[in-house]
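Peer 1: Quick one, start_13.cif (mmCIF, C-alpha atoms):
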data_structure
#
loop_
_atom_site.label_atom_id
_atom_site.label_comp_id
_atom_site.auth_asym_id
_atom_site.auth_seq_id
_atom_site.Cartn_x
_atom_site.Cartn_y
_atom_site.Cartn_z
CA MET A 1 1.75 -67.83 20.28
CA ALA A 2 1.19 -71.59 20.00
CA LEU A 3 -1.48 -71.35 22.69
CA LEU A 4 -3.27 -68.68 20.69
CA TYR A 5 -3.35 -70.93 17.62
CA ILE A 6 -4.57 -73.86 19.73
CA GLY A 7 -7.30 -71.66 21.18
CA LEU A 8 -8.41 -70.36 17.80
CA PHE A 9 -8.33 -73.82 16.22
CA SER A 10 -10.34 -75.23 19.15
CA SER A 11 -12.85 -72.40 18.85
CA VAL A 12 -13.38 -73.13 15.15
CA LEU A 13 -13.69 -76.82 16.02
CA MET A 14 -16.30 -75.98 18.65
CA LEU A 15 -18.30 -73.95 16.16
CA LEU A 16 -18.12 -76.79 13.62
CA SER A 17 -19.30 -79.29 16.23
CA ILE A 18 -22.63 -77.40 16.58
CA PRO A 19 -24.01 -78.13 13.05
CA LEU A 20 -22.52 -81.63 13.28
CA THR A 21 -24.40 -82.24 16.54
CA PHE A 22 -27.60 -80.83 15.01
CA PHE A 23 -27.31 -83.28 12.09
CA VAL A 24 -26.76 -86.21 14.43
CA MET A 25 -29.49 -85.28 16.90
CA PHE A 26 -32.17 -85.10 14.22
CA LYS A 27 -31.00 -87.84 11.82
CA LYS A 28 -29.27 -90.52 13.90
CA LEU A 29 -30.20 -90.13 17.56
CA ASP A 30 -33.60 -91.86 17.49
CA ALA A 31 -32.14 -94.96 15.82
CA ALA A 32 -29.32 -95.21 18.35
CA GLU A 33 -31.59 -94.59 21.34
CA SER A 34 -33.94 -97.39 20.33
CA TYR A 35 -31.26 -99.91 21.43
CA VAL A 36 -31.08 -98.60 24.99
CA GLU A 37 -34.56 -97.16 25.46
CA HIS A 38 -35.34 -99.34 28.49
CA THR A 39 -32.21 -98.50 30.44
CA ASP A 40 -32.41 -96.29 33.54
CA TYR A 41 -29.64 -93.98 32.34
CA PHE A 42 -31.41 -93.21 29.09
CA ILE A 43 -34.84 -92.83 30.71
CA GLY A 44 -33.37 -90.52 33.35
CA HIS A 45 -31.78 -88.25 30.77
CA ARG A 46 -34.84 -88.21 28.59
CA LYS A 47 -37.12 -87.26 31.48
CA ALA A 48 -34.77 -84.72 33.04
CA LEU A 49 -34.03 -82.95 29.77
CA ARG A 50 -37.36 -83.29 28.01
CA PHE A 51 -38.19 -79.60 28.45
CA ALA A 52 -34.77 -78.30 27.34
CA PRO A 53 -34.53 -76.77 23.83
CA PHE A 54 -35.12 -79.40 21.09
CA GLU A 55 -36.28 -81.84 23.79
CA GLY A 56 -32.72 -81.94 25.11
CA ARG A 57 -31.52 -83.78 22.00
CA ALA A 58 -28.09 -82.14 22.04
CA SER A 59 -27.50 -83.36 25.58
CA ARG A 60 -28.93 -86.79 24.74
CA VAL A 61 -26.35 -87.24 21.95
CA ILE A 62 -23.65 -86.70 24.59
CA ALA A 63 -25.44 -89.07 26.97
CA MET A 64 -25.46 -91.74 24.23
CA ALA A 65 -21.74 -91.19 23.66
CA ILE A 66 -21.12 -91.70 27.40
CA ILE A 67 -23.18 -94.91 27.29
CA ILE A 68 -21.11 -96.17 24.35
CA LEU A 69 -17.75 -95.11 25.82
CA ILE A 70 -18.13 -96.30 29.43
CA PRO A 71 -20.83 -99.00 29.47
CA ASN A 72 -19.04 -101.02 32.17
CA VAL A 73 -19.05 -98.15 34.66
CA LEU A 74 -22.74 -97.53 34.04
CA GLN A 75 -23.51 -101.24 34.33
CA TRP A 76 -21.70 -101.31 37.69
CA ARG A 77 -24.24 -98.70 38.88
CA ARG A 78 -27.06 -100.68 37.19
CA LEU A 79 -27.84 -97.83 34.84
CA VAL A 80 -27.33 -99.65 31.49
CA ARG A 81 -26.70 -103.20 30.28
CA VAL A 82 -23.51 -103.87 28.34
CA GLU A 83 -25.23 -106.37 26.04
CA ASP A 84 -27.72 -103.65 24.97
CA VAL A 85 -24.85 -101.32 24.10
CA ARG A 86 -23.06 -104.09 22.12
CA LYS A 87 -26.12 -104.37 19.85
CA ILE A 88 -25.76 -100.78 18.61
CA PRO A 89 -24.39 -100.89 15.02
CA PRO A 90 -20.85 -99.48 14.61
CA HIS A 91 -21.91 -96.67 12.26
CA LEU A 92 -24.44 -95.40 14.83
CA LYS A 93 -21.82 -95.66 17.56
CA PHE A 94 -19.53 -93.56 15.38
CA TRP A 95 -22.18 -90.87 14.85
CA MET A 96 -22.89 -90.66 18.57
CA VAL A 97 -19.25 -90.54 19.66
CA PHE A 98 -17.71 -88.43 16.89
CA PRO A 99 -19.48 -85.06 17.51
CA THR A 100 -19.12 -85.52 21.26
CA LEU A 101 -15.39 -86.10 21.01
CA VAL A 102 -15.01 -83.16 18.64
CA ALA A 103 -16.86 -80.93 21.14
CA LEU A 104 -14.85 -82.30 24.08
CA MET A 105 -11.53 -81.81 22.27
CA SER A 106 -12.50 -78.27 21.41
CA ILE A 107 -13.49 -77.59 25.02
CA ILE A 108 -10.17 -78.93 26.31
CA GLY A 109 -8.27 -76.86 23.74
CA MET A 110 -10.21 -73.72 24.53
CA GLY A 111 -9.89 -74.27 28.26
CA VAL A 112 -6.13 -74.86 28.16
CA SER A 113 -5.40 -71.88 25.92
CA TRP A 114 -7.74 -69.62 27.90
CA LEU A 115 -6.15 -70.57 31.20
CA PHE A 116 -2.53 -70.34 30.10
CA LEU A 117 -2.68 -67.63 27.45
CA ASP A 118 -0.79 -64.43 28.18
CA PRO A 119 -3.23 -62.23 30.17
CA ASN A 120 -2.17 -59.19 28.11
CA LEU A 121 -3.66 -60.83 25.06
CA LEU A 122 -6.99 -61.47 26.79
CA MET B 123 -15.72 -31.50 23.46
CA GLN B 124 -17.86 -31.68 20.31
CA GLY B 125 -21.52 -32.55 20.89
CA PRO B 126 -23.31 -33.51 24.09
CA TYR B 127 -22.25 -36.41 26.29
CA ALA B 128 -23.33 -38.09 29.48
CA PHE B 129 -21.77 -40.02 32.34
CA ILE B 130 -23.00 -42.16 35.20
CA ASN B 131 -22.72 -40.69 38.69
CA GLU B 132 -20.70 -43.03 40.92
CA ARG B 133 -21.40 -41.82 44.47
CA PRO B 134 -24.10 -39.89 46.31
CA GLN B 135 -23.41 -36.16 46.19
CA SER B 136 -25.33 -32.93 46.19
CA TYR B 137 -26.20 -31.24 42.91
CA PRO B 138 -24.20 -28.01 43.56
CA LEU B 139 -21.13 -30.05 44.51
CA LEU B 140 -21.42 -32.15 41.36
CA LYS B 141 -21.79 -29.02 39.27
CA LEU B 142 -18.76 -27.45 40.92
CA SER B 143 -16.62 -30.53 40.30
CA LEU B 144 -17.30 -30.30 36.56
CA SER B 145 -15.69 -26.83 36.19
CA LEU B 146 -18.23 -25.62 33.66
CA ASN B 147 -17.96 -22.18 32.07
CA PRO B 148 -20.72 -19.64 32.81
CA TYR B 149 -22.38 -20.16 29.40
CA THR B 150 -22.76 -23.90 29.78
CA GLN B 151 -23.86 -23.72 33.42
CA THR B 152 -27.36 -22.48 32.53
CA LYS B 153 -27.71 -25.17 29.91
CA PHE B 154 -26.46 -27.76 32.40
CA ASP B 155 -29.32 -26.84 34.74
CA THR B 156 -31.86 -27.14 31.92
CA LEU B 157 -30.57 -30.51 30.75
CA ASN B 158 -30.35 -32.01 34.23
CA GLN B 159 -33.87 -31.25 35.48
CA HIS B 160 -34.12 -34.80 36.81
CA ILE B 161 -31.38 -34.24 39.41
CA ARG B 162 -31.55 -30.49 39.91
CA ASN B 163 -31.33 -29.37 43.55
CA THR B 164 -31.44 -32.92 44.88
CA VAL B 165 -28.90 -35.42 46.10
CA VAL B 166 -27.59 -37.10 42.97
CA LEU B 167 -27.67 -40.83 43.56
CA PRO B 168 -25.26 -43.45 42.19
CA GLY B 169 -26.31 -44.72 38.77
CA GLN B 170 -28.05 -41.55 37.66
CA LEU B 171 -27.16 -40.05 34.30
CA VAL B 172 -25.53 -36.61 34.25
CA ILE B 173 -25.72 -34.75 30.92
CA ILE B 174 -23.12 -32.26 29.70
CA GLY B 175 -24.57 -30.16 26.87
CA ASP B 176 -23.18 -29.26 23.49
CA SER B 177 -21.07 -26.14 24.14
CA ARG B 178 -21.42 -24.92 20.55
CA THR B 179 -25.05 -23.95 20.91
CA ALA B 180 -27.26 -22.50 23.65
CA SER B 181 -30.42 -24.24 22.41
CA CYS B 182 -31.22 -27.90 23.04
CA THR B 183 -30.36 -30.36 20.30
CA ALA B 184 -32.23 -33.57 19.40
CA GLU B 185 -29.38 -35.63 20.86
CA GLU B 186 -29.65 -33.75 24.15
CA ALA B 187 -33.41 -34.30 24.23
CA ARG B 188 -32.80 -38.03 23.73
CA LEU B 189 -30.27 -38.05 26.59
CA MET B 190 -32.77 -36.24 28.83
CA ARG B 191 -35.39 -38.92 28.14
CA SER B 192 -32.87 -41.66 28.90
CA ALA B 193 -31.84 -39.92 32.12
CA GLN B 194 -35.47 -39.64 33.20
CA ASN B 195 -36.09 -43.34 32.45
CA ILE B 196 -32.95 -44.39 34.31
CA LYS B 197 -34.03 -42.33 37.32
CA HIS B 198 -37.42 -44.02 37.36
CA ASP B 199 -35.93 -47.50 36.98
CA LEU B 200 -33.41 -46.92 39.73
CA LEU B 201 -36.04 -45.65 42.13
CA ALA B 202 -38.50 -48.38 41.17
CA HIS B 203 -36.00 -51.15 41.83
CA SER B 204 -34.32 -49.54 44.83
CA ALA B 205 -31.02 -50.03 43.08
CA THR B 206 -29.57 -46.67 44.05
CA ASP B 207 -26.68 -48.09 46.01
CA ASP B 208 -23.00 -48.41 45.27
CA PHE B 209 -23.14 -52.15 44.63
CA LEU B 210 -24.71 -51.91 41.17
CA ILE B 211 -22.33 -49.21 40.02
CA LYS B 212 -19.15 -50.69 41.49
CA ASN B 213 -19.92 -54.17 40.20
CA TYR B 214 -21.46 -53.10 36.90
CA ASP B 215 -18.67 -54.68 34.82
CA GLN B 216 -18.81 -57.99 36.69
CA LEU B 217 -22.59 -58.09 36.54
CA GLN B 218 -22.53 -57.37 32.83
CA ALA B 219 -19.91 -60.09 32.26
CA ILE B 220 -21.91 -62.66 34.21
CA LEU B 221 -25.12 -61.71 32.46
CA SER B 222 -23.75 -61.70 28.95
CA HIS B 223 -21.57 -64.82 29.21
CA ALA B 224 -23.70 -67.15 31.22
CA SER B 225 -27.23 -66.07 30.54
CA LEU B 226 -27.60 -68.12 27.39
CA GLY B 227 -26.55 -71.34 29.04
CA VAL B 228 -28.38 -70.58 32.24
CA GLY B 229 -31.41 -69.71 30.18
CA SER B 230 -31.22 -72.99 28.26
CA ALA B 231 -30.99 -74.95 31.47
CA SER B 232 -33.54 -72.86 33.30
CA SER B 233 -36.15 -73.20 30.58
CA ALA B 234 -36.40 -76.79 31.76
CA TRP B 235 -36.91 -75.55 35.32
CA SER B 236 -39.58 -73.13 34.07
CA LYS B 237 -41.58 -76.09 32.74
CA HIS B 238 -41.28 -77.73 36.14
CA LEU B 239 -42.65 -74.56 37.76
CA ALA B 240 -45.43 -74.44 35.16
CA GLN B 241 -46.41 -77.96 36.24
CA ILE B 242 -46.55 -76.83 39.88
CA GLU B 243 -48.73 -73.93 38.78
CA GLN B 244 -51.02 -76.35 36.92
CA THR B 245 -51.40 -78.54 40.02
CA LEU B 246 -52.16 -75.50 42.18
CA MET B 247 -54.85 -74.37 39.76
CA GLU B 248 -56.37 -77.86 39.68
CA ILE B 249 -56.51 -77.84 43.51
CA GLU B 250 -58.22 -74.46 43.44
CA GLN B 251 -60.70 -75.64 40.81
CA LEU B 252 -61.45 -78.73 42.85
CA HIS B 253 -62.14 -76.62 45.94
CA LYS B 254 -64.41 -74.29 44.01
CA GLU B 255 -66.41 -77.17 42.53
CA TYR B 256 -66.83 -78.84 45.89
CA MET B 257 -67.94 -75.62 47.57
CA ARG B 258 -70.42 -74.93 44.77
CA LYS B 259 -72.02 -78.36 45.05
CA GLY B 260 -71.60 -78.52 48.80
CA SER B 261 -73.37 -81.85 49.26
CA VAL B 262 -72.10 -84.52 51.64
CA GLY B 263 -72.24 -87.13 48.86
CA VAL B 264 -69.47 -85.54 46.85
CA ARG B 265 -67.24 -85.10 49.87
CA ASP B 266 -65.59 -88.52 49.58
CA GLU B 267 -64.88 -88.00 45.90
CA PHE B 268 -63.49 -84.55 46.62
CA LEU B 269 -61.18 -85.88 49.32
CA ILE B 270 -59.85 -88.65 47.08
CA LYS B 271 -59.19 -86.24 44.23
CA ARG B 272 -57.57 -83.73 46.54
CA ARG B 273 -55.35 -86.38 48.11
CA ALA B 274 -54.13 -87.35 44.63
CA LEU B 275 -53.38 -83.73 43.76
CA PHE B 276 -51.61 -83.17 47.09
CA LEU B 277 -49.51 -86.26 46.43
CA ARG B 278 -48.54 -84.89 43.02
CA LEU B 279 -47.70 -81.49 44.52
CA ASP B 280 -45.68 -83.15 47.26
CA THR B 281 -43.53 -84.92 44.64
CA GLN B 282 -43.19 -81.72 42.63
CA LEU B 283 -41.93 -79.83 45.68
CA SER B 284 -39.68 -82.48 47.19
CA GLY B 285 -36.01 -81.74 47.89
CA MET B 286 -34.59 -78.90 45.83
CA ALA B 287 -37.61 -78.92 43.55
CA HIS B 288 -39.41 -76.20 45.49
CA LEU B 289 -36.74 -73.64 44.51
CA GLY B 290 -38.22 -70.73 42.61
CA SER B 291 -41.79 -71.70 43.43
CA GLY B 292 -41.92 -69.58 46.59
CA LEU B 293 -43.45 -72.59 48.36
CA LYS B 294 -41.68 -74.48 51.10
CA ASN B 295 -42.68 -78.09 51.52
CA GLU B 296 -43.68 -78.27 55.16
CA ALA B 297 -45.39 -81.00 57.09
CA SER B 298 -48.86 -80.23 55.78
CA ILE B 299 -49.66 -79.10 52.28
CA LYS B 300 -52.89 -77.55 53.52
CA LYS B 301 -50.83 -75.48 55.95
CA MET B 302 -48.35 -74.54 53.26
CA LEU B 303 -51.05 -73.37 50.89
CA ALA B 304 -53.11 -71.82 53.70
CA ILE B 305 -56.09 -73.77 52.45
CA SER B 306 -59.02 -73.86 54.79
CA SER B 307 -62.48 -74.95 53.74
CA LYS B 308 -63.98 -72.83 56.52
CA ARG B 309 -62.14 -69.74 55.39
CA TYR B 310 -63.15 -70.39 51.81
CA TRP B 311 -66.75 -70.66 52.86
CA HIS B 312 -66.68 -67.29 54.63
CA HIS B 313 -64.54 -65.22 52.29
CA GLY B 314 -65.27 -66.90 48.95
CA GLU B 315 -61.58 -67.35 48.22
CA ILE B 316 -58.60 -69.33 49.35
CA ARG B 317 -56.63 -66.72 51.22
CA GLY B 318 -53.34 -65.79 49.67
CA TYR B 319 -53.82 -68.38 47.00
CA GLU B 320 -53.91 -66.03 44.06
CA GLU B 321 -50.62 -64.46 45.10
CA ARG B 322 -48.96 -67.85 45.29
CA VAL B 323 -50.16 -68.90 41.86
CA LYS B 324 -49.16 -65.55 40.42
CA ARG B 325 -45.71 -65.81 41.99
CA VAL B 326 -45.10 -69.28 40.58
CA ALA B 327 -46.37 -68.18 37.17
CA ARG B 328 -44.12 -65.13 37.19
CA ALA B 329 -41.02 -67.17 38.11
CA SER B 330 -41.88 -69.64 35.37
CA GLN B 331 -42.28 -66.89 32.77
CA MET B 332 -39.04 -65.21 33.77
CA LEU B 333 -37.06 -68.43 33.50
CA LYS B 334 -38.71 -69.30 30.20
CA LYS B 335 -37.41 -66.09 28.71
CA GLY B 336 -33.88 -66.71 30.04
CA THR B 337 -32.50 -67.99 26.74
CA TYR B 338 -33.87 -65.09 24.72
CA ILE B 339 -32.76 -62.57 27.33
CA GLY B 340 -29.29 -64.16 27.21
CA ILE B 341 -29.04 -63.91 23.44
CA ALA B 342 -30.49 -60.38 23.43
CA LEU B 343 -27.98 -59.29 26.09
CA ASP B 344 -25.06 -60.77 24.15
CA VAL B 345 -26.14 -59.20 20.85
CA GLY B 346 -27.06 -55.92 22.56
CA ALA B 347 -23.71 -55.69 24.38
CA ALA B 348 -21.80 -56.34 21.13
CA ALA B 349 -23.89 -53.81 19.19
CA LEU B 350 -23.37 -51.18 21.89
CA GLU B 351 -19.60 -51.67 21.86
CA VAL B 352 -19.47 -51.40 18.06
CA THR B 353 -21.71 -48.30 18.05
CA GLU B 354 -19.60 -46.66 20.74
CA ALA B 355 -16.35 -47.35 18.86
CA CYS B 356 -17.80 -46.12 15.57
CA THR B 357 -19.28 -42.96 17.14
CA THR B 358 -16.36 -41.81 19.24
CA GLY B 359 -13.35 -43.45 17.64
CA ARG B 360 -11.62 -43.35 14.33
CA GLU B 361 -12.43 -45.52 11.35
CA GLN B 362 -9.75 -48.03 12.37
CA GLU B 363 -11.26 -48.39 15.83
CA CYS B 364 -14.67 -48.96 14.27
CA THR B 365 -13.40 -51.73 11.97
CA ARG B 366 -11.48 -53.30 14.86
CA ALA B 367 -14.61 -53.24 17.04
CA HIS B 368 -16.52 -55.14 14.34
CA TYR B 369 -13.96 -57.95 14.39
CA VAL B 370 -13.44 -58.06 18.15
CA GLU B 371 -17.09 -57.79 19.20
CA GLY B 372 -18.18 -60.14 16.40
CA GLY B 373 -15.66 -62.73 17.59
CA LYS B 374 -16.74 -62.32 21.20
CA LEU B 375 -20.41 -62.68 20.31
CA VAL B 376 -20.06 -65.75 18.07
CA LEU B 377 -17.69 -67.66 20.35
CA GLY B 378 -19.42 -66.51 23.53
CA VAL B 379 -22.88 -67.67 22.39
CA GLY B 380 -21.52 -70.84 20.73
CA GLY B 381 -19.45 -71.66 23.80
CA ALA B 382 -22.35 -71.10 26.18
CA TYR B 383 -24.62 -73.35 24.11
CA THR B 384 -22.05 -76.15 23.82
CA GLY B 385 -20.98 -75.81 27.45
CA GLY B 386 -24.60 -75.82 28.59
CA SER B 387 -25.43 -79.00 26.66
CA ILE B 388 -22.34 -80.87 27.84
CA GLY B 389 -22.62 -79.55 31.40
CA ALA B 390 -26.26 -80.64 31.70
CA THR B 391 -25.43 -84.19 30.55
CA ILE B 392 -22.42 -84.45 32.82
CA GLY B 393 -24.50 -83.07 35.70
CA VAL B 394 -27.21 -85.71 35.32
CA GLY B 395 -24.67 -88.48 34.67
CA ALA B 396 -22.47 -87.56 37.64
CA CYS B 397 -25.45 -87.41 40.01
CA ALA B 398 -26.73 -90.74 38.73
CA ILE B 399 -23.34 -92.45 39.08
CA VAL B 400 -22.23 -90.88 42.36
CA PHE B 401 -25.47 -90.46 44.28
CA GLY B 402 -27.59 -92.99 42.44
CA ILE B 403 -30.37 -90.45 42.02
CA PRO B 404 -33.61 -92.13 40.95
CA THR B 405 -33.86 -91.54 37.23
CA GLY B 406 -36.24 -88.92 35.95
CA GLY B 407 -36.79 -87.27 39.32
CA VAL B 408 -36.54 -83.60 40.05
CA GLY B 409 -33.13 -84.30 41.61
CA ALA B 410 -31.85 -85.21 38.15
CA LEU B 411 -33.37 -82.01 36.77
CA ALA B 412 -31.61 -79.96 39.46
CA CYS B 413 -28.31 -81.64 38.53
CA ALA B 414 -28.96 -80.80 34.86
CA VAL B 415 -29.66 -77.15 35.68
CA VAL B 416 -26.55 -76.78 37.86
CA GLY B 417 -24.33 -78.65 35.38
CA GLY B 418 -25.72 -76.66 32.45
CA ALA B 419 -25.22 -73.32 34.20
CA VAL B 420 -21.64 -74.11 35.24
CA GLY B 421 -20.73 -75.47 31.80
CA ALA B 422 -22.27 -72.51 30.01
CA LEU B 423 -20.59 -69.97 32.29
CA ALA B 424 -17.16 -71.59 31.93
CA LEU B 425 -17.21 -72.17 28.18
CA GLY B 426 -19.10 -68.94 27.47
CA SER B 427 -16.42 -66.94 29.30
CA ALA B 428 -13.61 -68.88 27.59
CA GLY B 429 -15.29 -68.43 24.20
CA SER B 430 -15.79 -64.72 24.76
CA GLY B 431 -12.16 -64.24 25.84
CA LEU B 432 -10.81 -66.21 22.90
CA GLY B 433 -13.23 -64.44 20.56
CA GLU B 434 -11.74 -61.13 21.60
CA VAL B 435 -8.17 -62.34 21.07
CA GLY B 436 -9.14 -64.06 17.82
CA GLY B 437 -10.93 -60.97 16.53
CA THR B 438 -7.91 -58.80 17.27
CA PHE B 439 -5.63 -61.37 15.64
CA ILE B 440 -7.74 -61.53 12.46
CA TYR B 441 -8.01 -57.73 12.31
CA LYS B 442 -4.24 -57.31 12.61
CA THR B 443 -3.57 -60.02 10.03
CA TRP B 444 -6.13 -58.48 7.65
CA LYS B 445 -4.63 -54.99 8.10
CA GLU B 446 -1.14 -56.19 7.29
#
Represent the structure from my file as structure tokens, please.

Peer 2:
Amino acid sequence: MALLYIGLFSSVLMLLSIPLTFFVMFKKLDAAESYVEHTDYFIGHRKALRFAPFEGRASRVIAMAIIILIPNVLQWRRLVRVEDVRKIPPHLKFWMVFPTLVALMSIIGMGVSWLFLDPNLL
Amino acid sequence: MQGPYAFINERPQSYPLLKLSLSLNPYTQTKFDTLNQHIRNTVVLPGQLVIIGDSRTASCTAEEARLMRSAQNIKHDLLAHSATDDFLIKNYDQLQAILSHASLGVGSASSAWSKHLAQIEQTLMEIEQLHKEYMRKGSVGVRDEFLIKRRALFLRLDTQLSGMAHLGSGLKNEASIKKMLAISSKRYWHHGEIRGYEERVKRVARASQMLKKGTYIGIALDVGAAALEVTEACTTGREQECTRAHYVEGGKLVLGVGGAYTGGSIGATIGVGACAIVFGIPTGGVGALACAVVGGAVGALALGSAGSGLGEVGGTFIYKTWKE
């Protein structure tokens, strides 16, 4: 039963993350991207996803969150520069990371409950 | 049985055998023949609709006429698409699940691929235009300019078709682009057209259009499947079943579509990121786009399926809680 509640809670969380992501991708994304606009990782995402719905903004929010969360790994592959990422103001970092983490948590919750939930319930 | 109903034939069988297996009474047998004109005295193929009439009346009702039209359309579609084999029927549920869960995410990702194909189409049309202009002018003086322009367009096409990027275009990047496109100035001169060119452009355009509509087809399939389930429950079941169907199918639709969208977005980003980190794919290339499409499709399929499953359980849970 606990898994069912986790699944339902995660599903609601996932649904809530959609309007949150829409707010961030239209109000905050451009400001945050301006700090890393010359990095290969950002340019690659922008070019690859430019024809996706809303110019791939939803995916670019997640890409920005990855840049903020693991800059050292990306710098090791020469895809971003850590000093560029450090210049991003904390409130913008929060807006990039928060909806992504909410979506990721919801995905993990949904995945776990879906995989381990009693098959008779499904 | 009150009112007419229909079922889908599952295996090839002759019409008399099918009729015999239904154990119809003598009164309904004549009506059965009238209603099933589309399969009468033929081998009934898998996927075709078989109509059982309303036993309360000998005349045809409006509902029966509607079923007859549907049966006729299904017969045409099956014959037109050569889909009269067991595969479609046996795997109907799986196919429907894949289509309704993943199509939204696949559509979102593939709309990006459709733009890529549209660019290939644009380059092909520019090459054709260039050839036409050169042939019209025909002077030696413009030859050098023509060759330079064509080399530039070939270079662009070569990049657009490199690696996995030719998928869906129907063009395979071989050693020579001229060979691939079957372009020959001599042939053009004699026949007034680049042989087979129109078909290639049409094929690329068609693939592009189909992919472009992927998202809308996905949403329409999801909404359509939910509406069908609700209608079926409300038509054949009791009031309780109808109310339950609203909750269950509503939950499946909302979480399935939401999950596919979220999964598609996250999957596309992870796809591009993983390819960039692991393989060091040059940024912005078609390789990155392919990674985005694959990642988006996988993410959408996984989370769309999970969302749909949880939506069903959640809908049932809410219905039971509300009833108590």

Peer 1: Give me the result of the PyMOL selection byres ((chain B and resi 275) around 12) on this file, residue by residue, as a ChimeraX atom specification.

Peer 2: /B:241-253,268-274,276-282,299-300

Peer 1: So, with all atoms listed in the file as the atoms that count, which of A:Pro99, A:His38, A:Ile43, A:Val80 lies closest to Leu16 of chain A?

Peer 2: A:Pro99

Peer 1: Kindly assemble as a Markdown table a list of the chain A residues that lie within 7 Å of chain B, each paired with its nearest atom pair and their distance in Å to one decimal, using all atoms listed in the file, sorted first by chain and then by ascending residue number.

Peer 2:
| residue | atom | partner | partner_atom | distance |
| --- | --- | --- | --- | --- |
| A:Gly7 | CA | B:Leu432 | CA | 6.7 |
| A:Leu8 | CA | B:Gly436 | CA | 6.3 |
| A:Ser11 | CA | B:Leu377 | CA | 6.9 |
| A:Leu15 | CA | B:Gly380 | CA | 6.4 |
| A:Asp40 | CA | B:Thr405 | CA | 6.2 |
| A:Tyr41 | CA | B:Thr405 | CA | 6.9 |
| A:Ile43 | CA | B:Gly406 | CA | 6.7 |
| A:Gly44 | CA | B:Thr405 | CA | 4.0 |
| A:His45 | CA | B:Gly406 | CA | 6.9 |
| A:Lys47 | CA | B:Gly406 | CA | 4.8 |
| A:Ala48 | CA | B:Leu411 | CA | 4.8 |
| A:Leu49 | CA | B:Ala234 | CA | 6.9 |
| A:Phe51 | CA | B:Ala234 | CA | 4.7 |
| A:Ala52 | CA | B:Ala234 | CA | 4.9 |
| A:Pro53 | CA | B:Ser230 | CA | 6.7 |
| A:Ala58 | CA | B:Ser387 | CA | 6.2 |
| A:Ser59 | CA | B:Ser387 | CA | 4.9 |
| A:Ile62 | CA | B:Thr391 | CA | 6.7 |
| A:Ala63 | CA | B:Thr391 | CA | 6.1 |
| A:Arg77 | CA | B:Ile399 | CA | 6.3 |
| A:Met110 | CA | B:Ala428 | CA | 6.7 |
| A:Gly111 | CA | B:Ala428 | CA | 6.6 |
| A:Trp114 | CA | B:Ala428 | CA | 5.9 |
| A:Leu121 | CA | B:Val435 | CA | 6.2 |
| A:Leu122 | CA | B:Val435 | CA | 5.9 |

Peer 1: Let's have the selection written as an mmCIF file, keeping the file's coordinate frame, with C-alpha atoms.

Peer 2:
data_model
loop_
_atom_site.group_PDB
_atom_site.id
_atom_site.type_symbol
_atom_site.label_atom_id
_atom_site.label_comp_id
_atom_site.auth_asym_id
_atom_site.auth_seq_id
_atom_site.Cartn_x
_atom_site.Cartn_y
_atom_site.Cartn_z
ATOM 1 C CA GLY A 7 -7.300 -71.660 21.180
ATOM 2 C CA LEU A 8 -8.410 -70.360 17.800
ATOM 3 C CA SER A 11 -12.850 -72.400 18.850
ATOM 4 C CA LEU A 15 -18.300 -73.950 16.160
ATOM 5 C CA ASP A 40 -32.410 -96.290 33.540
ATOM 6 C CA TYR A 41 -29.640 -93.980 32.340
ATOM 7 C CA ILE A 43 -34.840 -92.830 30.710
ATOM 8 C CA GLY A 44 -33.370 -90.520 33.350
ATOM 9 C CA HIS A 45 -31.780 -88.250 30.770
ATOM 10 C CA LYS A 47 -37.120 -87.260 31.480
ATOM 11 C CA ALA A 48 -34.770 -84.720 33.040
ATOM 12 C CA LEU A 49 -34.030 -82.950 29.770
ATOM 13 C CA PHE A 51 -38.190 -79.600 28.450
ATOM 14 C CA ALA A 52 -34.770 -78.300 27.340
ATOM 15 C CA PRO A 53 -34.530 -76.770 23.830
ATOM 16 C CA ALA A 58 -28.090 -82.140 22.040
ATOM 17 C CA SER A 59 -27.500 -83.360 25.580
ATOM 18 C CA ILE A 62 -23.650 -86.700 24.590
ATOM 19 C CA ALA A 63 -25.440 -89.070 26.970
ATOM 20 C CA ARG A 77 -24.240 -98.700 38.880
ATOM 21 C CA MET A 110 -10.210 -73.720 24.530
ATOM 22 C CA GLY A 111 -9.890 -74.270 28.260
ATOM 23 C CA TRP A 114 -7.740 -69.620 27.900
ATOM 24 C CA LEU A 121 -3.660 -60.830 25.060
ATOM 25 C CA LEU A 122 -6.990 -61.470 26.790
#

Peer 1: By how many Å are atom CA of Arg133 of chain B and atom CA of Leu189 of chain B apart?

Peer 2: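 According to the coordinates, atom CA of Arg133 of chain B and atom CA of Leu189 of chain B are separated by 20.3 Å.
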
Peer 1: Pick out the closest residue to Leu3 of chain A from this set: A:Phe116, A:Phe22, A:Phe42, A:Trp95. Count all atoms listed in the file.

Peer 2: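 The shortest atom-to-atom distance to Leu3 of chain A comes from A:Phe116.
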
Peer 1: Could you check how far atom CA of His198 of chain B sits from atom CA of Tyr127 of chain B, in Å to one decimal?

Peer 2: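 Going from atom CA of His198 of chain B over to atom CA of Tyr127 of chain B covers 20.3 Å.
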
Peer 1: Evaluate the PyMOL selection byres ((chain A and resi 26) around 12) on the structure here and hand back the selected residues as a PyMOL selection string.

Peer 2: chain A and resi 19-25+27-33+54-58+60-61+95-96

Peer 1: Quick one: what's the axis-aligned box for segment 84-96 of chain A, all listed atoms, 8 Å on every side, centre and edges in Å to one decimal, as JSON?

Peer 2:
{"center_x": -23.6, "center_y": -97.5, "center_z": 18.6, "size_x": 24.2, "size_y": 29.7, "size_z": 28.7}
